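*Asks:* One structure follows; several queries about it will come next.
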Amino acid sequence: MFFRLIAVVFTGLLLNACSAPPYTNVDNQGLQQLLESSVPLIDIRRPEEWRETGVVEGSHGITFVDEIGRLKPDFLGTFSAKVRPDQPVVLICRTGNRTDLLARHLVEKMGYSQVYNVRDGIMGWLRDGRPVTRSG
């Protein structure tokens with residue numbers, strides 16, 4: 001019985017890990033197309049990260065979590081004031097991990113329906129030699 005329960009839980013975890021995310025992952029070309037369509041790009045990194053790498057021109061910086069991973073208390077209110085649930089939005093962070101978590105939350109818990117995650121984050125953008133602007 002115990003081993004059957006373990007097998008069921010393990011299978012469920014594997015199926016969930018393999019299922020498609022509830023948002024859309026985009027590469028750099030996809031990001032460029034969304035930017036050209038005037039879809040807002042929200043950079044959820046911290047200010048020191050923006051200064052370190054620069055930011056994609058036209059992005060809006062709203063810090064999601066602090067340096068130890070705690071949700072910034074004003075994040076969801078600020079985000080919701082900038083982007084309504086029925087509007088498309090693109091999320092970018094350093095490598096796509098923080099935006100994965102946020103994109104899932106926005107779709108599954110807050111009713112956002114058109115969320116795009118920059119799969120490789122700003123680091124992938126830079127690896128492709130794409131332009132950034134410096135943030136101060």
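Chain identifiers are assigned as A, B, and so on, following the order in which chains appear in the structure tokens; residues are numbered from 1 within each chain, and ligands are numbered from 1 in order of appearance.
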Quick one: residues within 12 Å of Leu71 of chain A, only C-alpha atoms counted, chain neighbours fewer than 2 positions away excluded, as a PDB file with C-alpha atoms, in the first residue's frame?
*Replies:*
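Final output, result.pdb:
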ATOM      1  CA  ILE A  44      10.914  42.130 -11.955  1.00  0.00           C
ATOM      2  CA  ARG A  45      14.566  42.179 -10.887  1.00  0.00           C
ATOM      3  CA  ARG A  46      16.043  44.334  -8.143  1.00  0.00           C
ATOM      4  CA  ILE A  62       8.851  46.580 -10.562  1.00  0.00           C
ATOM      5  CA  THR A  63      10.860  44.581  -8.038  1.00  0.00           C
ATOM      6  CA  PHE A  64       9.157  41.260  -7.245  1.00  0.00           C
ATOM      7  CA  VAL A  65      11.234  39.901  -4.337  1.00  0.00           C
ATOM      8  CA  ASP A  66      13.961  41.222  -2.078  1.00  0.00           C
ATOM      9  CA  GLU A  67      17.523  39.871  -1.943  1.00  0.00           C
ATOM     10  CA  ILE A  68      16.493  36.893   0.226  1.00  0.00           C
ATOM     11  CA  GLY A  69      13.450  35.987  -1.849  1.00  0.00           C
ATOM     12  CA  PRO A  73       4.843  44.085   0.004  1.00  0.00           C
ATOM     13  CA  ASP A  74       3.841  46.616  -2.651  1.00  0.00           C
ATOM     14  CA  PHE A  75       4.561  44.423  -5.690  1.00  0.00           C
ATOM     15  CA  LEU A  76       1.119  42.998  -6.462  1.00  0.00           C
ATOM     16  CA  GLY A  77      -0.625  46.356  -5.972  1.00  0.00           C
ATOM     17  CA  ARG A  98      11.465  34.224 -10.893  1.00  0.00           C
ATOM     18  CA  LEU A 101       6.884  31.569 -10.478  1.00  0.00           C
ATOM     19  CA  LEU A 102       5.213  34.926 -10.989  1.00  0.00           C
TER      20      LEU A 102
END
*Asks:* Within 8 Å of Asp120 of chain A, counting only C-alpha atoms, which residues qualify if same-chain residues fewer than 3 places away don't, as a list in words?
*Replies:*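 Result of the neighbour search: Asp27, Arg94, Thr95, Gly96, Met123, Gly124 and Trp125 of chain A.
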*Asks:* Using DSSP assignments from the backbone, pull out every residue in segment 15-113 of chain A that falls under helix (DSSP H, G or I) and give it to me as a VMD selection string.
*Replies:* chain A and resid 15 to 18 28 to 36 47 to 53 75 to 82 97 to 110
*Asks:* Restricting the calculation to only C-alpha atoms: of A:Ile42, A:Ile92, A:Val118, A:Met110, which residue gets closest to Gln29 of chain A?
*Replies:*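 Result for the nearest residue to Gln29 of chain A: A:Val118.
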*Asks:* Which polymer residues have any atom within 10 Å of an atom of Arg84 of chain A, counting only C-alpha atoms, with same-chain residues fewer than 5 positions away left out, as a list of chain:residue names?
*Replies:* A:Phe79, A:Val89, A:Gly111, A:Tyr112, A:Ser113
*Asks:* Generate the output file for the selected residues, C-alpha atoms, as a PDB file, in the first residue's frame.
*Replies:*
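So out15.pdb came out as:
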ATOM      1  CA  PHE A  79       1.757  45.429 -10.806  1.00  0.00           C
ATOM      2  CA  VAL A  89       2.067  41.342 -20.337  1.00  0.00           C
ATOM      3  CA  GLY A 111      -6.920  35.646 -13.473  1.00  0.00           C
ATOM      4  CA  TYR A 112      -4.360  37.002 -15.941  1.00  0.00           C
ATOM      5  CA  SER A 113      -4.865  35.354 -19.305  1.00  0.00           C
TER       6      SER A 113
END
*Asks:* Atom CA of Pro85 of chain A and atom CA of Tyr23 of chain A, how far apart in Å?
*Replies:*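 That distance, rounded to one decimal, is 12.9 Å.
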*Asks:* Would you mind reading off the distance between atom CA of Ile122 of chain A and atom CA of Pro40 of chain A, one decimal, in Å?
*Replies:*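 Answer for the atom CA of Ile122 of chain A to atom CA of Pro40 of chain A separation: 15.5 Å.
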*Asks:* If I take atom CA of Val39 of chain A and atom CA of Glu57 of chain A, how far is one from the other in Å, to one decimal?
*Replies:*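 Separating atom CA of Val39 of chain A from atom CA of Glu57 of chain A is a distance of 12.7 Å.
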*Asks:* Pick out the closest residue to Thr24 of chain A from this set: A:Trp50, A:Gly121, A:Val90, A:Asn97. Count only C-alpha atoms.
*Replies:*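 Checking each candidate against Thr24 of chain A, we get A:Val90 as the closest.
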*Asks:* Between A:Gly61, A:Cys93, A:Val132, A:Arg119, which is the closest to Gly30 of chain A once you count only C-alpha atoms?
*Replies:*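 Checking each candidate against Gly30 of chain A, we get A:Arg119 as the closest.
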